[in-house]
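**Q** So that you have it, the file is final.tsv, and it contains TSV, C-alpha atoms:
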chain	number	residue	atom	x	y	z
A	10	MET	CA	72.82	140.30	127.04
A	11	LYS	CA	72.53	137.23	129.24
A	12	MET	CA	75.59	135.02	129.58
A	13	SER	CA	75.41	131.32	128.95
A	14	ILE	CA	75.49	129.33	132.17
A	15	TYR	CA	78.06	127.10	130.43
A	16	ASP	CA	80.54	129.99	130.49
A	17	PHE	CA	80.99	129.68	134.26
A	18	THR	CA	83.45	127.43	136.06
A	19	LEU	CA	82.33	125.70	139.23
A	20	LYS	CA	84.46	128.10	141.28
A	21	GLU	CA	82.87	131.13	139.60
A	22	LEU	CA	79.35	129.85	140.18
A	23	SER	CA	80.15	129.01	143.81
A	24	GLN	CA	81.17	132.62	144.36
A	25	LEU	CA	78.15	133.95	142.51
A	26	LEU	CA	75.31	131.79	143.81
A	27	LYS	CA	73.95	131.87	147.36
A	28	PRO	CA	74.16	129.49	149.07
A	29	SER	CA	77.33	128.32	147.32
A	30	PHE	CA	76.38	124.62	147.30
A	31	ARG	CA	73.81	125.50	144.62
A	32	ALA	CA	76.68	125.57	142.15
A	33	LYS	CA	77.37	121.84	142.50
A	34	GLN	CA	73.67	121.06	142.21
A	35	LEU	CA	73.44	123.18	139.07
A	36	TYR	CA	76.50	121.47	137.57
A	37	LEU	CA	74.82	118.10	138.13
A	38	TRP	CA	71.70	119.22	136.26
A	39	LEU	CA	73.74	120.66	133.40
A	40	TYR	CA	76.44	118.07	132.81
A	41	ALA	CA	75.13	114.78	134.19
A	42	LYS	CA	71.41	115.08	133.48
A	43	TYR	CA	71.61	117.21	130.31
A	44	LYS	CA	68.80	119.52	131.37
A	45	THR	CA	68.13	122.30	128.87
A	46	SER	CA	65.58	124.28	130.88
A	47	PHE	CA	65.91	125.77	134.35
A	48	LYS	CA	62.28	124.77	134.98
A	49	ASP	CA	63.34	121.11	134.73
A	50	MET	CA	65.48	121.61	137.86
A	51	GLN	CA	62.56	122.02	140.30
A	52	ASN	CA	63.40	118.89	142.33
A	53	ASN	CA	65.86	120.78	144.52
A	54	PHE	CA	65.52	124.42	143.35
A	55	SER	CA	62.86	126.79	144.58
A	56	LYS	CA	60.66	128.75	142.17
A	57	ASP	CA	62.39	131.97	143.24
A	58	PHE	CA	65.84	130.54	142.53
A	59	ILE	CA	64.71	129.25	139.13
A	60	ALA	CA	63.27	132.68	138.35
A	61	TYR	CA	66.65	134.20	139.26
A	62	LEU	CA	68.48	131.78	136.94
A	63	GLU	CA	66.09	132.54	134.08
A	64	GLN	CA	66.55	136.27	134.59
A	65	GLU	CA	70.36	136.20	134.73
A	66	PHE	CA	71.45	133.34	132.47
A	67	THR	CA	70.70	131.57	129.25
A	68	LEU	CA	71.33	127.90	128.54
A	69	ARG	CA	71.98	126.61	125.05
A	70	THR	CA	73.59	129.14	122.73
A	71	ILE	CA	74.35	126.75	119.86
A	72	GLU	CA	72.38	124.10	118.01
A	73	ILE	CA	73.11	121.20	115.67
A	74	THR	CA	72.09	122.12	112.14
A	75	HIS	CA	73.49	119.20	110.19
A	76	VAL	CA	74.94	115.74	110.86
A	77	ARG	CA	76.71	113.49	108.41
A	78	LYS	CA	77.35	109.88	109.42
A	79	SER	CA	80.19	107.79	108.06
A	80	VAL	CA	80.08	104.10	107.28
A	81	ASP	CA	82.64	103.65	110.07
A	82	GLY	CA	80.25	105.16	112.65
A	83	SER	CA	81.94	108.55	112.88
A	84	LYS	CA	79.81	111.68	112.62
A	85	LYS	CA	80.52	115.19	111.37
A	86	TYR	CA	78.48	117.90	113.11
A	87	LEU	CA	77.74	121.40	111.92
A	88	PHE	CA	76.75	123.77	114.73
A	89	LYS	CA	75.20	127.22	114.51
A	90	SER	CA	75.49	130.03	117.02
A	91	LEU	CA	72.03	131.19	118.07
A	92	ARG	CA	73.41	134.68	118.62
A	93	ASP	CA	75.05	135.50	115.30
A	94	ASN	CA	74.20	132.48	113.07
A	95	HIS	CA	77.86	131.68	112.34
A	96	THR	CA	78.62	127.99	111.90
A	97	PHE	CA	81.45	125.71	113.01
A	98	GLU	CA	82.20	122.01	113.16
A	99	ALA	CA	83.10	119.08	115.38
A	100	VAL	CA	83.69	115.40	114.66
A	101	PHE	CA	82.66	112.40	116.75
A	102	LEU	CA	85.00	109.46	116.20
A	103	LYS	CA	84.35	105.86	117.13
A	104	MET	CA	87.37	103.60	117.41
A	105	LYS	CA	87.90	99.99	118.44
A	106	ASP	CA	89.33	99.54	121.91
A	107	LYS	CA	91.09	96.38	123.04
A	108	LYS	CA	91.88	95.65	126.68
A	109	ILE	CA	93.36	92.66	128.48
A	110	ASP	CA	91.36	91.16	131.34
A	111	GLU	CA	93.83	90.96	134.25
A	112	GLU	CA	92.24	87.81	135.69
A	113	THR	CA	91.70	85.76	132.54
A	114	ASN	CA	94.16	87.45	130.11
A	115	ALA	CA	91.32	87.46	127.61
A	116	VAL	CA	91.20	90.23	125.00
A	117	LEU	CA	88.14	92.39	125.55
A	118	GLU	CA	86.91	94.41	122.60
A	119	GLY	CA	84.84	97.54	122.91
A	120	GLU	CA	84.61	101.07	121.56
A	121	LYS	CA	86.33	104.27	122.57
A	122	TYR	CA	85.14	107.72	121.63
A	123	THR	CA	86.91	110.92	120.69
A	124	VAL	CA	85.41	114.33	120.02
A	125	CYS	CA	87.43	116.67	117.82
A	126	VAL	CA	86.31	120.17	118.81
A	127	SER	CA	86.69	123.61	117.24
A	128	CYS	CA	87.90	126.62	119.20
A	129	GLN	CA	87.44	129.31	116.55
A	130	ILE	CA	85.14	130.05	113.63
A	131	GLY	CA	87.62	129.97	110.80
A	132	CYS	CA	91.35	130.29	111.45
A	133	GLN	CA	94.07	132.92	111.24
A	134	VAL	CA	96.96	130.52	110.57
A	135	GLY	CA	96.19	129.90	106.89
A	136	CYS	CA	97.76	126.46	106.35
A	137	ALA	CA	97.87	125.63	102.64
A	138	PHE	CA	96.51	122.11	103.11
A	139	CYS	CA	93.62	123.05	105.43
A	140	PHE	CA	90.11	123.71	104.16
A	141	THR	CA	89.24	125.89	107.17
A	142	GLN	CA	91.41	128.76	105.94
A	143	LYS	CA	89.27	129.09	102.80
A	144	GLY	CA	86.51	130.78	104.79
A	145	GLY	CA	88.87	133.15	106.59
A	146	PHE	CA	88.76	134.01	110.28
A	147	VAL	CA	85.46	135.11	111.87
A	148	ARG	CA	85.87	135.04	115.66
A	149	ASN	CA	86.93	133.08	118.72
A	150	LEU	CA	84.50	130.64	120.29
A	151	LYS	CA	83.45	131.18	123.88
A	152	ALA	CA	84.15	128.46	126.44
A	153	SER	CA	80.39	127.75	126.50
A	154	GLU	CA	80.41	127.11	122.73
A	155	ILE	CA	83.33	124.70	123.08
A	156	ILE	CA	81.63	122.93	125.99
A	157	GLN	CA	78.31	122.61	124.18
A	158	GLN	CA	79.91	120.87	121.20
A	159	VAL	CA	80.79	117.94	123.45
A	160	LEU	CA	77.58	118.15	125.46
A	161	LEU	CA	75.34	118.04	122.38
A	162	ILE	CA	77.37	115.22	120.83
A	163	LYS	CA	77.13	113.19	124.04
A	164	GLU	CA	73.38	113.76	124.08
A	165	ASP	CA	73.00	112.85	120.41
A	166	ASN	CA	74.86	109.58	120.93
A	167	ASN	CA	73.29	108.73	124.30
A	168	LEU	CA	76.60	108.67	126.13
A	169	PRO	CA	76.24	108.70	129.94
A	170	ILE	CA	78.48	110.91	132.07
A	171	GLU	CA	80.55	107.95	133.24
A	172	LYS	CA	81.49	106.92	129.69
A	173	ALA	CA	85.15	107.71	129.05
A	174	LEU	CA	85.69	110.26	126.31
A	175	ASN	CA	88.76	111.79	124.71
A	176	ILE	CA	88.79	115.39	123.53
A	177	VAL	CA	91.19	116.76	120.95
A	178	PHE	CA	91.46	120.43	120.04
A	179	MET	CA	92.13	119.62	116.40
A	180	GLY	CA	89.05	121.11	114.78
A	181	MET	CA	88.66	124.60	113.36
A	182	GLY	CA	91.01	127.22	114.76
A	183	GLU	CA	94.31	127.56	116.62
A	184	PRO	CA	93.80	126.82	120.34
A	185	LEU	CA	96.72	128.97	121.51
A	186	ASN	CA	95.16	131.98	119.78
A	187	ASN	CA	92.08	131.55	122.00
A	188	LEU	CA	93.92	130.37	125.07
A	189	ASP	CA	91.77	131.87	127.85
A	190	GLU	CA	88.51	130.37	126.56
A	191	VAL	CA	90.17	127.03	125.78
A	192	CYS	CA	91.62	126.80	129.31
A	193	LYS	CA	88.26	127.67	130.86
A	194	ALA	CA	86.57	124.99	128.74
A	195	ILE	CA	89.13	122.42	129.91
A	196	GLU	CA	88.42	123.28	133.55
A	197	ILE	CA	84.69	122.81	132.95
A	198	PHE	CA	85.27	119.55	131.07
A	199	ASN	CA	87.11	118.29	134.14
A	200	THR	CA	84.83	119.53	136.94
A	201	GLY	CA	81.50	119.38	135.13
A	202	MET	CA	81.77	116.49	132.69
A	203	GLN	CA	84.30	114.45	134.66
A	204	ILE	CA	86.74	114.29	131.73
A	205	SER	CA	90.30	113.99	132.97
A	206	PRO	CA	92.81	116.48	131.53
A	207	LYS	CA	94.92	113.45	130.64
A	208	ARG	CA	92.25	112.64	128.05
A	209	ILE	CA	92.48	116.10	126.50
A	210	THR	CA	94.98	117.03	123.78
A	211	ILE	CA	95.71	120.56	122.63
A	212	SER	CA	97.12	120.66	119.12
A	213	THR	CA	98.96	123.79	118.01
A	214	SER	CA	100.41	124.83	114.69
A	215	GLY	CA	103.36	126.17	116.67
A	216	VAL	CA	102.56	129.49	118.33
A	217	ALA	CA	105.85	129.20	120.17
A	218	ASP	CA	105.57	132.15	122.55
A	219	LYS	CA	102.28	130.82	123.96
A	220	ILE	CA	103.51	127.26	124.61
A	221	PRO	CA	105.23	128.31	127.89
A	222	ILE	CA	102.07	130.21	128.91
A	223	LEU	CA	100.03	127.04	128.43
A	224	ALA	CA	102.66	125.05	130.33
A	225	GLY	CA	102.51	127.51	133.22
A	226	LYS	CA	98.79	126.86	133.71
A	227	ASN	CA	99.56	123.27	134.81
A	228	LEU	CA	96.40	121.88	133.26
A	229	GLY	CA	97.76	118.36	132.84
A	230	VAL	CA	96.69	118.15	129.19
A	231	GLN	CA	98.62	116.51	126.38
A	232	LEU	CA	100.49	118.66	123.87
A	233	ALA	CA	100.52	118.00	120.13
A	234	ILE	CA	102.58	119.94	117.61
A	235	SER	CA	101.47	120.14	113.98
A	236	LEU	CA	104.91	119.86	112.38
A	237	HIS	CA	104.23	118.52	108.87
A	238	ALA	CA	107.71	119.23	107.46
A	239	VAL	CA	111.37	118.73	108.32
A	240	ASP	CA	112.81	121.96	106.92
A	241	ASP	CA	111.75	125.59	107.18
A	242	LYS	CA	111.38	126.11	103.44
A	243	THR	CA	108.82	123.33	103.07
A	244	ARG	CA	107.06	124.16	106.33
A	245	SER	CA	106.76	127.85	105.45
A	246	SER	CA	105.15	126.91	102.12
A	247	LEU	CA	102.60	124.81	104.00
A	248	MET	CA	102.22	126.94	107.11
A	249	PRO	CA	102.90	130.70	106.81
A	250	LEU	CA	103.16	130.85	110.61
A	251	ASN	CA	106.57	129.19	110.27
A	252	LYS	CA	108.02	132.48	109.03
A	253	LYS	CA	107.45	133.87	112.54
A	254	TYR	CA	107.91	130.69	114.55
A	255	ASN	CA	110.32	128.40	112.72
A	256	ILE	CA	111.00	124.76	113.54
A	257	GLU	CA	113.96	125.46	115.82
A	258	CYS	CA	111.99	128.08	117.75
A	259	ILE	CA	109.10	125.67	118.31
A	260	LEU	CA	111.30	122.73	119.33
A	261	ASN	CA	113.16	124.89	121.84
A	262	GLU	CA	109.87	125.56	123.63
A	263	VAL	CA	108.76	121.92	123.37
A	264	ARG	CA	111.94	120.81	125.14
A	265	LYS	CA	110.78	122.83	128.17
A	266	TRP	CA	107.28	121.32	128.23
A	267	PRO	CA	106.61	119.54	131.57
A	268	LEU	CA	106.07	115.84	130.96
A	269	GLU	CA	104.71	113.30	133.38
A	270	GLN	CA	106.40	109.94	133.58
A	271	ARG	CA	105.59	107.72	130.59
A	272	LYS	CA	104.13	110.68	128.65
A	273	ARG	CA	105.41	112.07	125.37
A	274	VAL	CA	104.83	115.15	123.25
A	275	MET	CA	102.96	114.23	120.09
A	276	PHE	CA	104.16	115.49	116.73
A	277	GLU	CA	101.53	115.38	114.02
A	278	TYR	CA	103.00	114.91	110.59
A	279	LEU	CA	100.72	115.22	107.58
A	280	LEU	CA	102.02	113.03	104.79
A	281	ILE	CA	101.59	114.61	101.36
A	282	LYS	CA	102.50	112.69	98.24
A	283	ASP	CA	105.92	113.60	96.79
A	284	LEU	CA	106.32	116.52	99.19
A	285	ASN	CA	107.25	115.21	102.62
A	286	ASP	CA	106.69	111.45	102.53
A	287	SER	CA	110.15	110.22	101.49
A	288	LEU	CA	112.53	108.09	103.55
A	289	ASP	CA	114.95	111.02	103.47
A	290	CYS	CA	112.31	113.13	105.26
A	291	ALA	CA	111.92	110.38	107.85
A	292	LYS	CA	115.67	110.48	108.51
A	293	LYS	CA	115.60	114.27	108.93
A	294	LEU	CA	112.62	114.02	111.27
A	295	LEU	CA	114.49	111.51	113.42
A	296	LYS	CA	117.38	113.95	113.70
A	297	LEU	CA	115.11	116.90	114.49
A	298	LEU	CA	113.38	115.13	117.38
A	299	ASN	CA	116.55	113.67	118.87
A	300	GLY	CA	116.53	114.22	122.63
A	301	ILE	CA	112.82	115.02	122.83
A	302	LYS	CA	110.56	112.49	124.53
A	303	SER	CA	108.13	112.28	121.66
A	304	LYS	CA	105.93	110.21	119.44
A	305	VAL	CA	104.99	110.83	115.83
A	306	ASN	CA	101.46	110.50	114.51
A	307	LEU	CA	101.43	110.18	110.74
A	308	ILE	CA	98.31	111.46	109.01
A	309	LEU	CA	97.61	110.71	105.38
A	310	PHE	CA	96.38	113.85	103.63
A	311	ASN	CA	92.58	113.94	103.42
A	312	PRO	CA	91.78	115.10	99.86
A	313	HIS	CA	89.32	117.91	99.31
A	314	GLU	CA	88.04	119.81	96.33
A	315	GLY	CA	90.39	122.46	95.01
A	316	SER	CA	93.50	121.22	96.79
A	317	LYS	CA	96.73	120.79	94.81
A	318	PHE	CA	97.98	118.15	97.24
A	319	GLU	CA	97.52	114.39	96.90
A	320	ARG	CA	97.13	111.56	99.37
A	321	PRO	CA	100.27	109.37	99.61
A	322	SER	CA	100.19	105.61	99.33
A	323	LEU	CA	99.73	103.54	102.46
A	324	GLU	CA	102.95	101.73	101.48
A	325	SER	CA	105.02	104.92	101.69
A	326	ALA	CA	103.41	105.76	105.03
A	327	ARG	CA	104.32	102.33	106.39
A	328	MET	CA	107.91	102.67	105.19
A	329	PHE	CA	108.12	106.08	106.90
A	330	ALA	CA	106.72	104.69	110.15
A	331	ASP	CA	108.77	101.49	110.08
A	332	PHE	CA	111.99	103.46	109.73
A	333	LEU	CA	111.23	105.71	112.72
A	334	ASN	CA	110.12	102.78	114.88
A	335	SER	CA	113.25	100.83	113.97
A	336	LYS	CA	115.33	103.73	115.28
A	337	GLY	CA	113.44	103.93	118.57
A	338	LEU	CA	111.14	106.85	117.77
A	339	LEU	CA	107.57	105.76	118.44
A	340	CYS	CA	105.50	106.32	115.32
A	341	THR	CA	101.92	105.42	114.49
A	342	ILE	CA	99.75	105.91	111.44
A	343	ARG	CA	96.46	107.53	112.31
A	344	GLU	CA	93.55	105.40	111.24
A	345	SER	CA	91.71	107.23	108.47
A	346	LYS	CA	88.20	107.92	109.63
A	347	ALA	CA	85.16	109.50	108.01
A	348	LEU	CA	86.68	110.01	104.57
A	349	ASP	CA	83.23	109.51	103.05
A	350	ILE	CA	81.69	112.45	104.94
A	351	GLU	CA	84.27	115.16	104.23
A	352	ALA	CA	85.61	115.16	107.78
A	353	ALA	CA	88.52	117.48	107.08
A	354	CYS	CA	88.20	120.74	109.02
A	355	GLY	CA	85.95	123.28	107.37
A	356	GLN	CA	84.61	121.16	104.52
A	357	LEU	CA	81.04	120.78	105.76
A	358	ARG	CA	80.81	124.41	106.87
A	359	GLU	CA	82.08	125.73	103.53
A	360	LYS	CA	79.78	123.42	101.60
A	361	LYS	CA	76.70	124.59	103.51
A	362	LEU	CA	77.69	128.25	103.15
A	363	SER	CA	78.12	127.88	99.40
A	364	GLN	CA	74.65	126.33	99.13
A	365	GLN	CA	73.16	129.42	100.78
A	366	ILE	CA	74.72	131.84	98.32
Mind turning this structure into structure tokens?
**A**
Amino acid sequence: MKMSIYDFTLKELSQLLKPSFRAKQLYLWLYAKYKTSFKDMQNNFSKDFIAYLEQEFTLRTIEITHVRKSVDGSKKYLFKSLRDNHTFEAVFLKMKDKKIDEETNAVLEGEKYTVCVSCQIGCQVGCAFCFTQKGGFVRNLKASEIIQQVLLIKEDNNLPIEKALNIVFMGMGEPLNNLDEVCKAIEIFNTGMQISPKRITISTSGVADKIPILAGKNLGVQLAISLHAVDDKTRSSLMPLNKKYNIECILNEVRKWPLEQRKRVMFEYLLIKDLNDSLDCAKKLLKLLNGIKSKVNLILFNPHEGSKFERPSLESARMFADFLNSKGLLCTIRESKALDIEAACGQLREKKLSQQI
């Protein structure tokens, strides 16, 4: 079976193709000009070389099957593998961006974009609040399938290569359980799509023994920990993984994470009504993170059909955040996006699967 050309890093292609400079030319066609056929690369490739590429490699291995657009401009994408027909999701988020003009001090308003990508079809972690776990685990995504999520979304939204883009591994799957393919995708994002590792965040549910492995790769990415509770009893009820990697175990590894100056480890904390949204929980969280250069991102639970959990009030979220900020722990409330299009992980995929039954 032919491999997708998107599965190769620039270094790998340089070693494979002769002469080696063809690799950079090919990367330009793929990631800057969005070409989807080797025949469209005839400007600087000979017919023989194009024939070789067609014989050895394939291009697109996934396609967009469904798009839902939110009133806030965000989009939920459902992708399908062309090899096995399994589906997975990604979300394109538009957010307001304010900058200060250094010469005039005027406030300049624009838009910034974030793509929330999946790294697995389904998930093995089984978090009680997550819709993805309902469909079970199918398989890991290849680096090419991760890359193409961003590539197809950029194409669909007419984003040029020079447009800054943030990538968060917060979609379907646990990134540290597919670490090799995730790391390869990050290298290609950087060298092919010119996306700085500083704009890439890997979010983990806390696979503690793989955090130092990720750190050792020196990728320069941001680390986010899905914490969601301040005691092991509550966290284990939400995230079965906590029985193997408890809070103390995870925080011990986080303390060793290499941080650049002015950077912090992000702790994602899903606020669930009457479960973990009290001021007492905020106090315990402050104590837990003492000594760790961190910031907390509060997320209000995104309701979905069949869940026993409820969304907390914005007032309780603000009280939680205000307390942490008053004590010197940076805390923000994530802006709720795409609530009208079922943007929570797995919802669109499960809905489409159920319609086919």
**Q** Find, counting all atoms listed in the file, the residue in A:Leu150, A:Met248, A:Ile73, A:Ala291 that gets nearest to A:Gly135.
**A** A:Met248
**Q** Please compute the atom CA of A:Leu102-atom CA of A:Ile342 distance, one decimal, in Å.
**A** 15.9 Å
**Q** Applying 6 Å and all atoms listed in the file, which residues near stretch 84-96 of chain A remain after dropping the ones on its own chain fewer than 6 positions away? List them as a PyMOL selection string.
**A** chain A and resi 70-78
**Q** Find the residue from A:Leu39, A:Val305, A:Ile170, A:Val80 that sits nearest to A:Gln157; use all atoms listed in the file when measuring.
**A**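 The answer is A:Leu39, which sits nearest to A:Gln157.
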**Q** Quote the spacing between atom CA of A:Ser246 and atom CA of A:Ser214 in Å to one decimal place.
**A**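 These atoms are spaced 13.6 Å apart.
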**Q** To one decimal place in Å, what is the distance between atom CA of A:Leu37 and atom CA of A:Tyr122?
**A**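 Atom CA of A:Tyr122 lies 22.1 Å from atom CA of A:Leu37.
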**Q** So which one's closest to A:Glu344, A:Arg31, A:Lys103, A:His313, A:Lys207? Using only C-alpha atoms, please.
**A**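 Looking at the shortest contact to A:Glu344, the residue is A:Lys103.
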**Q** Compare A:Asp81, A:Glu21, A:Asp289, A:Asp16 by their minimum atom-to-atom distance to A:Ile155, counting all atoms listed in the file, and give me the closest one.
**A**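 Result for the nearest residue to A:Ile155: A:Asp16.
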**Q** So, counting all atoms listed in the file, which residue among A:Leu338, A:Leu160, A:Cys132, A:Leu25 is closest to A:Thr45?
**A**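 Of the candidates, the smallest distance to A:Thr45 is held by A:Leu160.
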**Q** Determine the nearest neighbour of A:Leu260 from the options A:Val159, A:Ala233, A:Leu280, A:Leu188, counting only C-alpha atoms.
**A**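 With only C-alpha atoms as the atom set, the closest residue is A:Ala233.
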**Q** Do a neighbour search on stretch 252-254 of chain A at 7 Å with all atoms listed in the file, toss out local chain neighbours closer than 4 positions, and write the hits as an MDAnalysis selection string.
**A** chainID A and resid 215:217 245 258:259
**Q** Just the residues within 9 Å of A:Met12, please, counting only C-alpha atoms, with nothing from its chain fewer than 6 positions along; format it as a PyMOL selection string.
**A** chain A and resi 65-68
**Q** Compile the contact shell of A:Leu333 as a list in words: residues with an atom at most 9 Å away, counting all atoms listed in the file, same-chain residues fewer than 2 positions apart removed.
**A**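 Contacts, in chain order: Ala291, Lys292, Leu294, Leu295, Val305, Met328, Phe329, Ala330, Asp331, Ser335, Lys336, Gly337, Leu338, Leu339 and Cys340 of chain A.
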**Q** Restore all heavy atoms in stretch 192-200 of chain A and list the result as a PDB file, in the frame of the given file.
**A**
ATOM      1  N   CYS A 192      91.261 127.246 127.952  1.00  0.00           N
ATOM      2  CA  CYS A 192      91.620 126.800 129.310  1.00  0.00           C
ATOM      3  C   CYS A 192      90.386 126.742 130.211  1.00  0.00           C
ATOM      4  O   CYS A 192      90.247 125.825 131.033  1.00  0.00           O
ATOM      5  CB  CYS A 192      92.672 127.730 129.903  1.00  0.00           C
ATOM      6  SG  CYS A 192      94.299 127.564 129.121  1.00  0.00           S
ATOM      7  N   LYS A 193      89.486 127.703 130.077  1.00  0.00           N
ATOM      8  CA  LYS A 193      88.260 127.670 130.860  1.00  0.00           C
ATOM      9  C   LYS A 193      87.412 126.450 130.483  1.00  0.00           C
ATOM     10  O   LYS A 193      86.864 125.772 131.362  1.00  0.00           O
ATOM     11  CB  LYS A 193      87.447 128.959 130.654  1.00  0.00           C
ATOM     12  CG  LYS A 193      86.105 128.945 131.368  1.00  0.00           C
ATOM     13  CD  LYS A 193      85.331 130.247 131.202  1.00  0.00           C
ATOM     14  CE  LYS A 193      85.708 131.238 132.263  1.00  0.00           C
ATOM     15  NZ  LYS A 193      84.741 132.370 132.341  1.00  0.00           N
ATOM     16  N   ALA A 194      87.339 126.158 129.186  1.00  0.00           N
ATOM     17  CA  ALA A 194      86.570 124.990 128.740  1.00  0.00           C
ATOM     18  C   ALA A 194      87.158 123.708 129.325  1.00  0.00           C
ATOM     19  O   ALA A 194      86.416 122.813 129.754  1.00  0.00           O
ATOM     20  CB  ALA A 194      86.570 124.922 127.214  1.00  0.00           C
ATOM     21  N   ILE A 195      88.482 123.615 129.372  1.00  0.00           N
ATOM     22  CA  ILE A 195      89.130 122.420 129.910  1.00  0.00           C
ATOM     23  C   ILE A 195      88.805 122.249 131.391  1.00  0.00           C
ATOM     24  O   ILE A 195      88.540 121.135 131.857  1.00  0.00           O
ATOM     25  CB  ILE A 195      90.665 122.510 129.693  1.00  0.00           C
ATOM     26  CG1 ILE A 195      90.978 122.335 128.203  1.00  0.00           C
ATOM     27  CG2 ILE A 195      91.402 121.447 130.513  1.00  0.00           C
ATOM     28  CD1 ILE A 195      92.400 122.661 127.826  1.00  0.00           C
ATOM     29  N   GLU A 196      88.785 123.350 132.131  1.00  0.00           N
ATOM     30  CA  GLU A 196      88.420 123.280 133.550  1.00  0.00           C
ATOM     31  C   GLU A 196      86.993 122.783 133.718  1.00  0.00           C
ATOM     32  O   GLU A 196      86.702 121.959 134.598  1.00  0.00           O
ATOM     33  CB  GLU A 196      88.580 124.657 134.203  1.00  0.00           C
ATOM     34  CG  GLU A 196      88.287 124.655 135.692  1.00  0.00           C
ATOM     35  CD  GLU A 196      88.487 126.000 136.360  1.00  0.00           C
ATOM     36  OE1 GLU A 196      89.097 126.895 135.746  1.00  0.00           O
ATOM     37  OE2 GLU A 196      88.013 126.157 137.514  1.00  0.00           O
ATOM     38  N   ILE A 197      86.089 123.245 132.864  1.00  0.00           N
ATOM     39  CA  ILE A 197      84.690 122.810 132.950  1.00  0.00           C
ATOM     40  C   ILE A 197      84.538 121.360 132.492  1.00  0.00           C
ATOM     41  O   ILE A 197      83.749 120.596 133.066  1.00  0.00           O
ATOM     42  CB  ILE A 197      83.791 123.757 132.142  1.00  0.00           C
ATOM     43  CG1 ILE A 197      83.855 125.178 132.722  1.00  0.00           C
ATOM     44  CG2 ILE A 197      82.341 123.265 132.147  1.00  0.00           C
ATOM     45  CD1 ILE A 197      83.188 126.240 131.872  1.00  0.00           C
ATOM     46  N   PHE A 198      85.285 120.958 131.473  1.00  0.00           N
ATOM     47  CA  PHE A 198      85.270 119.550 131.070  1.00  0.00           C
ATOM     48  C   PHE A 198      85.626 118.664 132.263  1.00  0.00           C
ATOM     49  O   PHE A 198      85.024 117.614 132.478  1.00  0.00           O
ATOM     50  CB  PHE A 198      86.284 119.296 129.946  1.00  0.00           C
ATOM     51  CG  PHE A 198      85.814 119.714 128.579  1.00  0.00           C
ATOM     52  CD1 PHE A 198      86.686 120.344 127.692  1.00  0.00           C
ATOM     53  CD2 PHE A 198      84.522 119.458 128.159  1.00  0.00           C
ATOM     54  CE1 PHE A 198      86.266 120.725 126.420  1.00  0.00           C
ATOM     55  CE2 PHE A 198      84.091 119.830 126.890  1.00  0.00           C
ATOM     56  CZ  PHE A 198      84.965 120.467 126.030  1.00  0.00           C
ATOM     57  N   ASN A 199      86.620 119.090 133.021  1.00  0.00           N
ATOM     58  CA  ASN A 199      87.110 118.290 134.140  1.00  0.00           C
ATOM     59  C   ASN A 199      86.119 118.284 135.304  1.00  0.00           C
ATOM     60  O   ASN A 199      85.738 117.215 135.804  1.00  0.00           O
ATOM     61  CB  ASN A 199      88.463 118.841 134.585  1.00  0.00           C
ATOM     62  CG  ASN A 199      89.083 118.035 135.719  1.00  0.00           C
ATOM     63  OD1 ASN A 199      89.664 118.589 136.639  1.00  0.00           O
ATOM     64  ND2 ASN A 199      88.956 116.736 135.670  1.00  0.00           N
ATOM     65  N   THR A 200      85.677 119.463 135.743  1.00  0.00           N
ATOM     66  CA  THR A 200      84.830 119.530 136.940  1.00  0.00           C
ATOM     67  C   THR A 200      83.360 119.244 136.648  1.00  0.00           C
ATOM     68  O   THR A 200      82.650 118.698 137.497  1.00  0.00           O
ATOM     69  CB  THR A 200      84.937 120.927 137.588  1.00  0.00           C
ATOM     70  OG1 THR A 200      84.609 121.925 136.612  1.00  0.00           O
ATOM     71  CG2 THR A 200      86.337 121.178 138.109  1.00  0.00           C
TER      72      THR A 200
END
